[in-house]
Amino acid sequence: MTDSRLERLQAAIPGLRLTTDVADLEHYGRDWTRRWTPAPLAIALPSSVDEVQGIVRWANAEGVAVVPSGGRTGLSGGAVAANGELVLSLERMNRVLDFNRVDRTLAVQAGIPLEAVHNAAREHGLVYPVDFAARGSCSIGGNIATNAGGIRVIRYGNTREWVAGLTVVTGAGEVLHLNRGLIKNSSGYDLRQLMIGSEGTLGIVVEATLRLTDPPPPTNVMLLALPSFETLMQVFAAFRERLTLEAFEFFTDRALHHVLAHGAQKPFDEVHPYYVVTEFAVGDEAREAAAMAAFEYCMEQGLVSDGVISQSDAQAAQLWRLREGITESLAKYKPYKNDVSVRISEMPAFLTQTQALLGQEYPHFDVVWFGHIGDGNLHINVLKPDDTADADFVRQCEHVTKLLAQALERHGGSISAEHGIGLVKKPYLLGTRSAEEIALMRGIKHSLDPRGLMNPGKVFDA
Ligand code: FAD
Ligand code: MLT
Ligand code: ZN
């Protein structure tokens with residue numbers, strides 16, 4: 001470590017773990033996107049709130065940019081450090097701090113993996129219901145910073161709904177305790193909610209108090225095969241009207257193709273163009289009957305061409321794997337990811353227009369559709385063909401994303417439903433958010449991070 005700024009940091013916080021090892025710079029400087037070349041100044045791995053505060057104070061004194069870093073499973077480049085920033089990894093701050101049975105809350109450090117929160121809640125007979133495939137590697141701090149969604153939003157909402165309190169270190173180096181676990185608090189601006197979804201641009205989440213809830217009743221998982229795209233939202237309506245849905249997820253045959261190639265088990269003998277995985281409460285006669293009624297109605301109306309219902313937990317997991325395995329199965333193709341949302345009522349028209357647009361723009365590319373269709377959230381992944389150079393591929397995808405952003409603007413949708421803006425979607429923010437809103441966001445950033453050192457260049461430019 002020869003940089004004098006780092007020597008001063010180490011002198012100011014003698015116990016701080018700092019590394020400039022080349023393999024560490026590479027490892028901590030990128031996220032799941034893998035599009036930017038990592039080039040951080042160093043990696044800091046603090047173990048306490050005091051150390052985080054010390055780092056932010058040092059950053060302000062030295063004018064060094066800081067990239068907050070969780071599990072780096074982000075899909076929008078938010079945790080990328082490609083310009084000499086200090087990566088501040090919360091990895092070592094990964095403990096459960098407190099469980100409060102009366103309040104039904106779990107206080108944790110921000111670096112704790114989502115799955116460890118699930119396990120801790122379960123130990124107390126409760127659940128933390130935000131859930132998705134990156135659970136083993138992503139952190140609660142990253143979930144909060146992106147307002148992560150996942151497969152159970154239809155029932156439980158986004159991360160935002162489950163954060164009862166936050167401790168943050170702002171970009172100015174102040175420690176704030178926000179909302180302190182209260183259910184009700186009408187005492188001015190809710191700065192906790194402002195921090196949620198701010199992608200590390202306002203400060204660092206160091207601790208969180210999470211709400212827990214009762215485990216759901218017994219559920220079944222059903223896989224449905226659909227003959228056409230046009231029927232998708234009708235199937236959704238039929239199931240939602242009759243059942244308490246825990247999840248309603250969609251994918252295409254192209255997605256299934258890649259998951260099967262990745263080792264999943266084939267669900268039907270025949271090939272179908274579209275699929276839905278849905279999970280719903282059962283456990284009594286009325287609910288069982290409602291599930292059968294939904295399925296039979298869809299079959300009679302020709303909305304669904306086949307279906308299978310889980311008979312055991314193992315089979316439920318097998319069906320879920322078909323949906324949850326998609327991201328991993330596509331990773332080797334360096335997919336260009338779109339993560340868009342519209343209101344559910346806009347979805348049929350938006351789907352038709354988007355299908356036409358992509359068919360026209362990508363006649364030769366493998367385009368894989370999947371997502372949380374019950375939330376109006378669609379993931380459109382474009383796979384890079386072997387014979388196309390990375391830069392050409394990204395250029396072409398960016399052109400199509402611009403058209404997609406225009407369609408979203410017409411439908412009142414969002415260019416990022418749950419992954420965040422980061423670097424990937426920064427050029428398209430205007431349209432989803434108005435110029436006035438973006439100006440206000442800049443003002444808010446300036447008041448919490450006056451020197452503009454918290455994740456600069458992410459979400460919007462200074
Ligand atoms: P990182 O990638 O490390 O960081 C994400 C952003 O948060 C960055 O801007 C970073 O600077 C900031 N940040 C991280 N920690 C902090 C902190 N303590 N304080 C302030 N800022 C911080 N996302 C969904 O929403 N729904 C899904 O269904 C979903 N499924 C996924 C499945 C797979 C297989 C993968 C690889 C990713 C998936 N994601 C999903 C995306 C990703 O997992 C989420 O965005 C997750 O919330 C990121 O958490 P992380 O700890 O990895 O954050
Ligand atoms: C998902 O829904 O599987 C995630 O958001 C990940 C992805 O979009 O690849
Ligand atoms: Zn998703």
# chains A, B, ... in the order shown; residues from 1 in each chain; ligands from 1
>>> residues_around(residues="Ser312 (chain A)", least_positions_apart="2", cutoff="12 Å", atoms="only C-alpha atoms", output="list in words")
Pro218, Thr219, Asn220, Val221, Met222, Ile309, Ser310, Ala314, Gln315, Ala316, Ala317, Gln318 and Leu319 of chain A
>>> write_last_selection(atoms="N, CA and C atoms", output="compact mmCIF listing (two decimals), in the first residue's frame")
# COMPACT_ATOMS: atom_id res chain seq x y z
N PRO A 218 -49.94 -23.52 4.42
CA PRO A 218 -49.35 -24.44 3.44
C PRO A 218 -49.65 -23.95 2.03
N THR A 219 -48.70 -24.17 1.14
CA THR A 219 -48.90 -23.72 -0.24
C THR A 219 -48.65 -24.86 -1.22
N ASN A 220 -49.18 -24.69 -2.41
CA ASN A 220 -48.84 -25.57 -3.54
C ASN A 220 -48.22 -24.73 -4.63
N VAL A 221 -47.39 -25.38 -5.42
CA VAL A 221 -46.79 -24.73 -6.58
C VAL A 221 -47.36 -25.40 -7.83
N MET A 222 -47.76 -24.57 -8.80
CA MET A 222 -48.31 -25.11 -10.04
C MET A 222 -47.51 -24.54 -11.21
N ILE A 309 -49.15 -29.84 -10.74
CA ILE A 309 -49.19 -29.26 -9.40
C ILE A 309 -48.25 -30.05 -8.48
N SER A 310 -47.55 -29.37 -7.62
CA SER A 310 -46.57 -30.06 -6.76
C SER A 310 -47.27 -30.99 -5.78
N ALA A 314 -40.29 -31.39 -2.38
CA ALA A 314 -39.21 -31.60 -3.35
C ALA A 314 -39.69 -31.24 -4.76
N GLN A 315 -40.93 -31.61 -5.06
CA GLN A 315 -41.44 -31.29 -6.39
C GLN A 315 -41.68 -29.78 -6.55
N ALA A 316 -42.12 -29.15 -5.46
CA ALA A 316 -42.30 -27.69 -5.50
C ALA A 316 -40.95 -27.01 -5.80
N ALA A 317 -39.90 -27.51 -5.15
CA ALA A 317 -38.57 -26.92 -5.37
C ALA A 317 -38.12 -27.15 -6.81
N GLN A 318 -38.47 -28.31 -7.35
CA GLN A 318 -38.10 -28.63 -8.74
C GLN A 318 -38.79 -27.66 -9.72
N LEU A 319 -40.05 -27.39 -9.44
CA LEU A 319 -40.78 -26.46 -10.32
C LEU A 319 -40.21 -25.05 -10.18
>>> residues_around(residues="region 343-359 of chain A", least_positions_apart="4", cutoff="9 Å", atoms="only C-alpha atoms", output="list in words")
Phe229, Glu230, Thr231, Leu232, Met233, Pro363, His364, Val367, Ile373, Gly374, Asp375, Gly376, Asn377, Val400, Leu403, Leu404, Ala407, Leu408, His411, Gly412 and Gly413 of chain A
>>> closest_atom_pairs(of="chain A", to="ligand 2", cutoff="8 Å", atoms="only C-alpha atoms and all ligand atoms", output="JSON lines")
{"residue": "A:Leu75", "atom": "CA", "partner": "ligand 2", "partner_atom_place_in_ligand_line": "7 (C)", "distance": 7.4}
{"residue": "A:Phe132", "atom": "CA", "partner": "ligand 2", "partner_atom_place_in_ligand_line": "1 (C)", "distance": 7.1}
{"residue": "A:Ala133", "atom": "CA", "partner": "ligand 2", "partner_atom_place_in_ligand_line": "3 (O)", "distance": 6.6}
{"residue": "A:Gly149", "atom": "CA", "partner": "ligand 2", "partner_atom_place_in_ligand_line": "5 (O)", "distance": 7.8}
{"residue": "A:Gly150", "atom": "CA", "partner": "ligand 2", "partner_atom_place_in_ligand_line": "2 (O)", "distance": 6.0}
{"residue": "A:Ile151", "atom": "CA", "partner": "ligand 2", "partner_atom_place_in_ligand_line": "2 (O)", "distance": 6.9}
{"residue": "A:Arg323", "atom": "CA", "partner": "ligand 2", "partner_atom_place_in_ligand_line": "3 (O)", "distance": 7.2}
{"residue": "A:Glu324", "atom": "CA", "partner": "ligand 2", "partner_atom_place_in_ligand_line": "3 (O)", "distance": 5.8}
{"residue": "A:Gly325", "atom": "CA", "partner": "ligand 2", "partner_atom_place_in_ligand_line": "3 (O)", "distance": 7.7}
{"residue": "A:Ile326", "atom": "CA", "partner": "ligand 2", "partner_atom_place_in_ligand_line": "3 (O)", "distance": 6.4}
{"residue": "A:Thr327", "atom": "CA", "partner": "ligand 2", "partner_atom_place_in_ligand_line": "9 (O)", "distance": 4.3}
{"residue": "A:Glu328", "atom": "CA", "partner": "ligand 2", "partner_atom_place_in_ligand_line": "9 (O)", "distance": 7.8}
{"residue": "A:Lys337", "atom": "CA", "partner": "ligand 2", "partner_atom_place_in_ligand_line": "8 (O)", "distance": 6.9}
{"residue": "A:Asn338", "atom": "CA", "partner": "ligand 2", "partner_atom_place_in_ligand_line": "8 (O)", "distance": 7.7}
{"residue": "A:Asp339", "atom": "CA", "partner": "ligand 2", "partner_atom_place_in_ligand_line": "8 (O)", "distance": 6.6}
{"residue": "A:Phe370", "atom": "CA", "partner": "ligand 2", "partner_atom_place_in_ligand_line": "2 (O)", "distance": 7.3}
{"residue": "A:Gly371", "atom": "CA", "partner": "ligand 2", "partner_atom_place_in_ligand_line": "2 (O)", "distance": 5.2}
{"residue": "A:His372", "atom": "CA", "partner": "ligand 2", "partner_atom_place_in_ligand_line": "2 (O)", "distance": 6.5}
{"residue": "A:His379", "atom": "CA", "partner": "ligand 2", "partner_atom_place_in_ligand_line": "8 (O)", "distance": 5.4}
{"residue": "A:Ile380", "atom": "CA", "partner": "ligand 2", "partner_atom_place_in_ligand_line": "8 (O)", "distance": 7.9}
{"residue": "A:Asn381", "atom": "CA", "partner": "ligand 2", "partner_atom_place_in_ligand_line": "9 (O)", "distance": 7.7}
{"residue": "A:Glu418", "atom": "CA", "partner": "ligand 2", "partner_atom_place_in_ligand_line": "5 (O)", "distance": 7.1}
{"residue": "A:His419", "atom": "CA", "partner": "ligand 2", "partner_atom_place_in_ligand_line": "5 (O)", "distance": 6.8}
>>> write_last_selection(atoms="N, CA and C atoms", output="PDB file, in the first residue's frame")
ATOM      1  N   LEU A  75     -27.465  -6.073 -10.687  1.00  0.00           N
ATOM      2  CA  LEU A  75     -27.552  -6.302 -12.134  1.00  0.00           C
ATOM      3  C   LEU A  75     -27.548  -4.993 -12.915  1.00  0.00           C
ATOM      4  N   PHE A 132     -35.520 -14.029  -3.258  1.00  0.00           N
ATOM      5  CA  PHE A 132     -35.179 -14.254  -4.671  1.00  0.00           C
ATOM      6  C   PHE A 132     -33.903 -15.081  -4.768  1.00  0.00           C
ATOM      7  N   ALA A 133     -33.572 -15.476  -6.005  1.00  0.00           N
ATOM      8  CA  ALA A 133     -32.547 -16.501  -6.212  1.00  0.00           C
ATOM      9  C   ALA A 133     -31.161 -16.138  -5.693  1.00  0.00           C
ATOM     10  N   GLY A 149     -36.912  -6.479  -5.033  1.00  0.00           N
ATOM     11  CA  GLY A 149     -38.265  -7.042  -5.138  1.00  0.00           C
ATOM     12  C   GLY A 149     -38.221  -8.549  -4.953  1.00  0.00           C
ATOM     13  N   GLY A 150     -38.298  -9.285  -6.072  1.00  0.00           N
ATOM     14  CA  GLY A 150     -38.206 -10.734  -5.983  1.00  0.00           C
ATOM     15  C   GLY A 150     -39.506 -11.427  -6.273  1.00  0.00           C
ATOM     16  N   ILE A 151     -39.590 -12.684  -5.835  1.00  0.00           N
ATOM     17  CA  ILE A 151     -40.672 -13.572  -6.288  1.00  0.00           C
ATOM     18  C   ILE A 151     -41.935 -13.501  -5.430  1.00  0.00           C
ATOM     19  N   ARG A 323     -37.850 -21.604 -12.829  1.00  0.00           N
ATOM     20  CA  ARG A 323     -37.920 -20.145 -12.882  1.00  0.00           C
ATOM     21  C   ARG A 323     -36.679 -19.503 -12.263  1.00  0.00           C
ATOM     22  N   GLU A 324     -36.293 -20.020 -11.099  1.00  0.00           N
ATOM     23  CA  GLU A 324     -35.201 -19.363 -10.367  1.00  0.00           C
ATOM     24  C   GLU A 324     -33.824 -19.635 -10.983  1.00  0.00           C
ATOM     25  N   GLY A 325     -33.741 -20.690 -11.788  1.00  0.00           N
ATOM     26  CA  GLY A 325     -32.442 -21.021 -12.398  1.00  0.00           C
ATOM     27  C   GLY A 325     -32.132 -20.222 -13.657  1.00  0.00           C
ATOM     28  N   ILE A 326     -33.067 -19.373 -14.088  1.00  0.00           N
ATOM     29  CA  ILE A 326     -32.889 -18.718 -15.397  1.00  0.00           C
ATOM     30  C   ILE A 326     -31.636 -17.817 -15.410  1.00  0.00           C
ATOM     31  N   THR A 327     -31.498 -16.972 -14.405  1.00  0.00           N
ATOM     32  CA  THR A 327     -30.386 -15.996 -14.410  1.00  0.00           C
ATOM     33  C   THR A 327     -29.034 -16.701 -14.510  1.00  0.00           C
ATOM     34  N   GLU A 328     -28.840 -17.724 -13.681  1.00  0.00           N
ATOM     35  CA  GLU A 328     -27.574 -18.482 -13.706  1.00  0.00           C
ATOM     36  C   GLU A 328     -27.353 -19.105 -15.074  1.00  0.00           C
ATOM     37  N   LYS A 337     -29.525  -6.942 -19.964  1.00  0.00           N
ATOM     38  CA  LYS A 337     -30.751  -7.124 -19.184  1.00  0.00           C
ATOM     39  C   LYS A 337     -31.623  -5.886 -19.187  1.00  0.00           C
ATOM     40  N   ASN A 338     -32.886  -6.086 -19.442  1.00  0.00           N
ATOM     41  CA  ASN A 338     -33.880  -5.035 -19.221  1.00  0.00           C
ATOM     42  C   ASN A 338     -34.803  -5.496 -18.109  1.00  0.00           C
ATOM     43  N   ASP A 339     -35.193  -4.555 -17.271  1.00  0.00           N
ATOM     44  CA  ASP A 339     -35.997  -4.875 -16.078  1.00  0.00           C
ATOM     45  C   ASP A 339     -37.075  -3.799 -15.995  1.00  0.00           C
ATOM     46  N   PHE A 370     -38.746 -13.275 -19.148  1.00  0.00           N
ATOM     47  CA  PHE A 370     -39.261 -13.887 -17.919  1.00  0.00           C
ATOM     48  C   PHE A 370     -39.568 -12.767 -16.938  1.00  0.00           C
ATOM     49  N   GLY A 371     -40.094 -13.121 -15.785  1.00  0.00           N
ATOM     50  CA  GLY A 371     -40.264 -12.071 -14.785  1.00  0.00           C
ATOM     51  C   GLY A 371     -41.457 -12.240 -13.885  1.00  0.00           C
ATOM     52  N   HIS A 372     -41.625 -11.175 -13.092  1.00  0.00           N
ATOM     53  CA  HIS A 372     -42.628 -11.151 -12.033  1.00  0.00           C
ATOM     54  C   HIS A 372     -43.884 -10.516 -12.621  1.00  0.00           C
ATOM     55  N   HIS A 379     -38.611  -9.108 -17.223  1.00  0.00           N
ATOM     56  CA  HIS A 379     -37.172  -9.102 -17.511  1.00  0.00           C
ATOM     57  C   HIS A 379     -36.984  -9.539 -18.955  1.00  0.00           C
ATOM     58  N   ILE A 380     -36.361  -8.690 -19.736  1.00  0.00           N
ATOM     59  CA  ILE A 380     -36.104  -9.039 -21.134  1.00  0.00           C
ATOM     60  C   ILE A 380     -34.585  -9.126 -21.289  1.00  0.00           C
ATOM     61  N   ASN A 381     -34.095 -10.337 -21.470  1.00  0.00           N
ATOM     62  CA  ASN A 381     -32.649 -10.554 -21.580  1.00  0.00           C
ATOM     63  C   ASN A 381     -32.280 -10.861 -23.018  1.00  0.00           C
ATOM     64  N   GLU A 418     -36.826  -3.204 -10.359  1.00  0.00           N
ATOM     65  CA  GLU A 418     -36.285  -3.707  -9.085  1.00  0.00           C
ATOM     66  C   GLU A 418     -34.764  -3.783  -9.063  1.00  0.00           C
ATOM     67  N   HIS A 419     -34.090  -3.691 -10.192  1.00  0.00           N
ATOM     68  CA  HIS A 419     -32.627  -3.852 -10.187  1.00  0.00           C
ATOM     69  C   HIS A 419     -31.888  -2.553  -9.902  1.00  0.00           C
TER      70      HIS A 419
END
>>> residues_around(residues="region 223-226 of chain A", least_positions_apart="5", cutoff="7 Å", atoms="only C-alpha atoms", output="PyMOL selection string")
chain A and resi 272-278+303-309+319
>>> select_by_dssp(residues="region 171-419 of chain A", states="helix (DSSP H, G or I)", output="ChimeraX atom specification")
/A:191-195,229-242,253-261,285-300,313-324,326-333,344-361,373-375,390-411
>>> write_last_selection(atoms="C-alpha atoms", output="compact mmCIF listing (two decimals), in the first residue's frame")
# COMPACT_ATOMS: atom_id res chain seq x y z
CA LEU A 191 -35.60 9.82 5.64
CA ARG A 192 -35.55 6.04 6.10
CA GLN A 193 -37.65 5.62 2.95
CA LEU A 194 -35.46 8.12 1.14
CA MET A 195 -32.42 5.95 1.81
CA PHE A 229 -48.80 -14.49 -24.90
CA GLU A 230 -52.21 -12.86 -25.27
CA THR A 231 -53.75 -15.17 -22.65
CA LEU A 232 -51.11 -14.51 -19.99
CA MET A 233 -52.87 -11.70 -18.19
CA GLN A 234 -56.22 -13.52 -18.39
CA VAL A 235 -54.67 -16.52 -16.65
CA PHE A 236 -53.31 -14.16 -14.02
CA ALA A 237 -56.76 -12.63 -13.46
CA ALA A 238 -58.37 -16.09 -13.21
CA PHE A 239 -55.91 -17.23 -10.54
CA ARG A 240 -55.82 -13.98 -8.62
CA GLU A 241 -59.62 -13.79 -8.37
CA ARG A 242 -59.87 -17.28 -6.87
CA ASP A 253 -39.74 -21.53 -23.91
CA ARG A 254 -36.33 -19.92 -24.65
CA ALA A 255 -35.85 -19.46 -20.90
CA LEU A 256 -36.85 -23.07 -20.26
CA HIS A 257 -34.46 -24.21 -22.96
CA HIS A 258 -31.50 -22.59 -21.15
CA VAL A 259 -32.51 -23.80 -17.69
CA LEU A 260 -32.86 -27.36 -18.95
CA ALA A 261 -29.44 -27.11 -20.62
CA GLU A 285 -61.11 -27.84 1.19
CA ALA A 286 -62.26 -24.45 -0.04
CA ARG A 287 -58.75 -23.44 -1.09
CA GLU A 288 -58.07 -26.80 -2.78
CA ALA A 289 -61.34 -26.47 -4.67
CA ALA A 290 -60.52 -22.89 -5.69
CA ALA A 291 -57.17 -24.00 -7.10
CA MET A 292 -58.81 -26.71 -9.19
CA ALA A 293 -61.52 -24.27 -10.30
CA ALA A 294 -58.93 -21.75 -11.50
CA PHE A 295 -57.05 -24.39 -13.43
CA GLU A 296 -60.18 -25.97 -14.95
CA TYR A 297 -61.55 -22.58 -15.97
CA CYS A 298 -58.29 -21.76 -17.77
CA MET A 299 -58.26 -25.16 -19.52
CA GLU A 300 -61.90 -24.84 -20.63
CA ASP A 313 -41.83 -29.99 -1.13
CA ALA A 314 -39.21 -31.60 -3.35
CA GLN A 315 -41.44 -31.29 -6.39
CA ALA A 316 -42.30 -27.69 -5.50
CA ALA A 317 -38.57 -26.92 -5.37
CA GLN A 318 -38.10 -28.63 -8.74
CA LEU A 319 -40.78 -26.46 -10.32
CA TRP A 320 -39.32 -23.32 -8.76
CA ARG A 321 -35.90 -24.23 -10.12
CA LEU A 322 -37.28 -23.81 -13.64
CA ARG A 323 -37.92 -20.15 -12.88
CA GLU A 324 -35.20 -19.36 -10.37
CA ILE A 326 -32.89 -18.72 -15.40
CA THR A 327 -30.39 -16.00 -14.41
CA GLU A 328 -27.57 -18.48 -13.71
CA SER A 329 -28.29 -20.39 -16.90
CA LEU A 330 -27.96 -17.22 -19.01
CA ALA A 331 -24.84 -15.81 -17.33
CA LYS A 332 -22.37 -17.35 -19.81
CA TYR A 333 -24.06 -15.47 -22.68
CA ILE A 344 -50.87 -4.41 -14.56
CA SER A 345 -53.74 -2.82 -16.47
CA GLU A 346 -51.23 -1.56 -19.08
CA MET A 347 -49.49 -4.92 -19.38
CA PRO A 348 -51.51 -6.50 -22.25
CA ALA A 349 -51.00 -3.51 -24.59
CA PHE A 350 -47.39 -3.09 -23.51
CA LEU A 351 -46.62 -6.78 -24.10
CA THR A 352 -48.07 -6.69 -27.60
CA GLN A 353 -46.10 -3.58 -28.56
CA THR A 354 -42.88 -4.79 -26.99
CA GLN A 355 -43.12 -8.16 -28.69
CA ALA A 356 -43.52 -6.42 -32.05
CA LEU A 357 -40.64 -4.04 -31.32
CA LEU A 358 -38.22 -6.77 -30.29
CA GLY A 359 -39.22 -9.06 -33.17
CA GLN A 360 -38.38 -6.25 -35.55
CA GLU A 361 -35.15 -5.09 -33.86
CA ILE A 373 -45.59 -10.69 -14.31
CA GLY A 374 -48.01 -10.54 -11.38
CA ASP A 375 -46.27 -7.29 -10.37
CA ASP A 390 -19.06 -7.05 -27.00
CA ALA A 391 -19.11 -3.35 -27.93
CA ASP A 392 -21.31 -3.86 -31.02
CA PHE A 393 -23.70 -5.99 -29.02
CA VAL A 394 -24.04 -3.41 -26.24
CA ARG A 395 -24.47 -0.60 -28.79
CA GLN A 396 -27.30 -2.44 -30.50
CA CYS A 397 -28.97 -3.31 -27.19
CA GLU A 398 -28.71 0.28 -26.03
CA HIS A 399 -30.45 1.44 -29.17
CA VAL A 400 -33.32 -0.97 -28.53
CA THR A 401 -33.47 -0.01 -24.84
CA LYS A 402 -33.97 3.57 -25.97
CA LEU A 403 -37.00 2.48 -28.00
CA LEU A 404 -38.21 0.42 -25.07
CA ALA A 405 -37.82 3.45 -22.79
CA GLN A 406 -39.96 5.49 -25.17
CA ALA A 407 -42.65 2.78 -25.11
CA LEU A 408 -42.46 2.76 -21.31
CA GLU A 409 -42.89 6.52 -21.21
CA ARG A 410 -46.05 6.20 -23.33
CA HIS A 411 -47.38 3.54 -20.94
>>> closest_atom_pairs(of="region 2-103 of chain A", to="region 450-455 of chain A", cutoff="12 Å", atoms="only C-alpha atoms", output="CSV")
residue,atom,partner,partner_atom,distance
A:Ile55,CA,A:Leu453,CA,11.7
A:Val56,CA,A:Leu453,CA,8.9
A:Arg57,CA,A:Leu453,CA,10.8
A:Trp58,CA,A:Leu453,CA,11.1
A:Ala59,CA,A:Leu453,CA,7.5
A:Asn60,CA,A:Arg451,CA,7.0
A:Ala61,CA,A:Arg451,CA,9.9
A:Glu62,CA,A:Leu453,CA,10.3
A:Gly63,CA,A:Leu453,CA,7.2
A:Val64,CA,A:Leu453,CA,6.6
A:Ala65,CA,A:Leu453,CA,4.3
A:Val66,CA,A:Met454,CA,5.3
A:Val67,CA,A:Asn455,CA,4.8
A:Pro68,CA,A:Asn455,CA,7.0
A:Ser69,CA,A:Asn455,CA,9.9
A:Gly77,CA,A:Asn455,CA,10.8
A:Gly78,CA,A:Asn455,CA,7.9
A:Ala79,CA,A:Asn455,CA,8.0
A:Val80,CA,A:Asn455,CA,9.0
A:Ala81,CA,A:Asn455,CA,8.6
A:Ala82,CA,A:Asn455,CA,11.0
A:Asn83,CA,A:Asn455,CA,10.6
A:Gly84,CA,A:Asn455,CA,11.5
A:Glu85,CA,A:Asn455,CA,8.5
A:Leu86,CA,A:Asn455,CA,9.7
A:Val87,CA,A:Asn455,CA,9.4
A:Leu88,CA,A:Asn455,CA,10.3
>>> select_by_dssp(residues="region 274-461 of chain A", states="strand (DSSP E or B)", output="ChimeraX atom specification")
/A:274-281,306-309,336-341,366-372,377-383,414,416,433,454
>>> closest_residue(among="A:Gly29, A:Gly136, A:Pro215, A:Gly74", to="ligand 3", atoms="only C-alpha atoms and all ligand atoms")
A:Gly74
>>> closest_residue(among="A:Phe99, A:Phe250, A:Phe268, A:Phe365", to="ligand 3", atoms="only C-alpha atoms and all ligand atoms")
A:Phe250
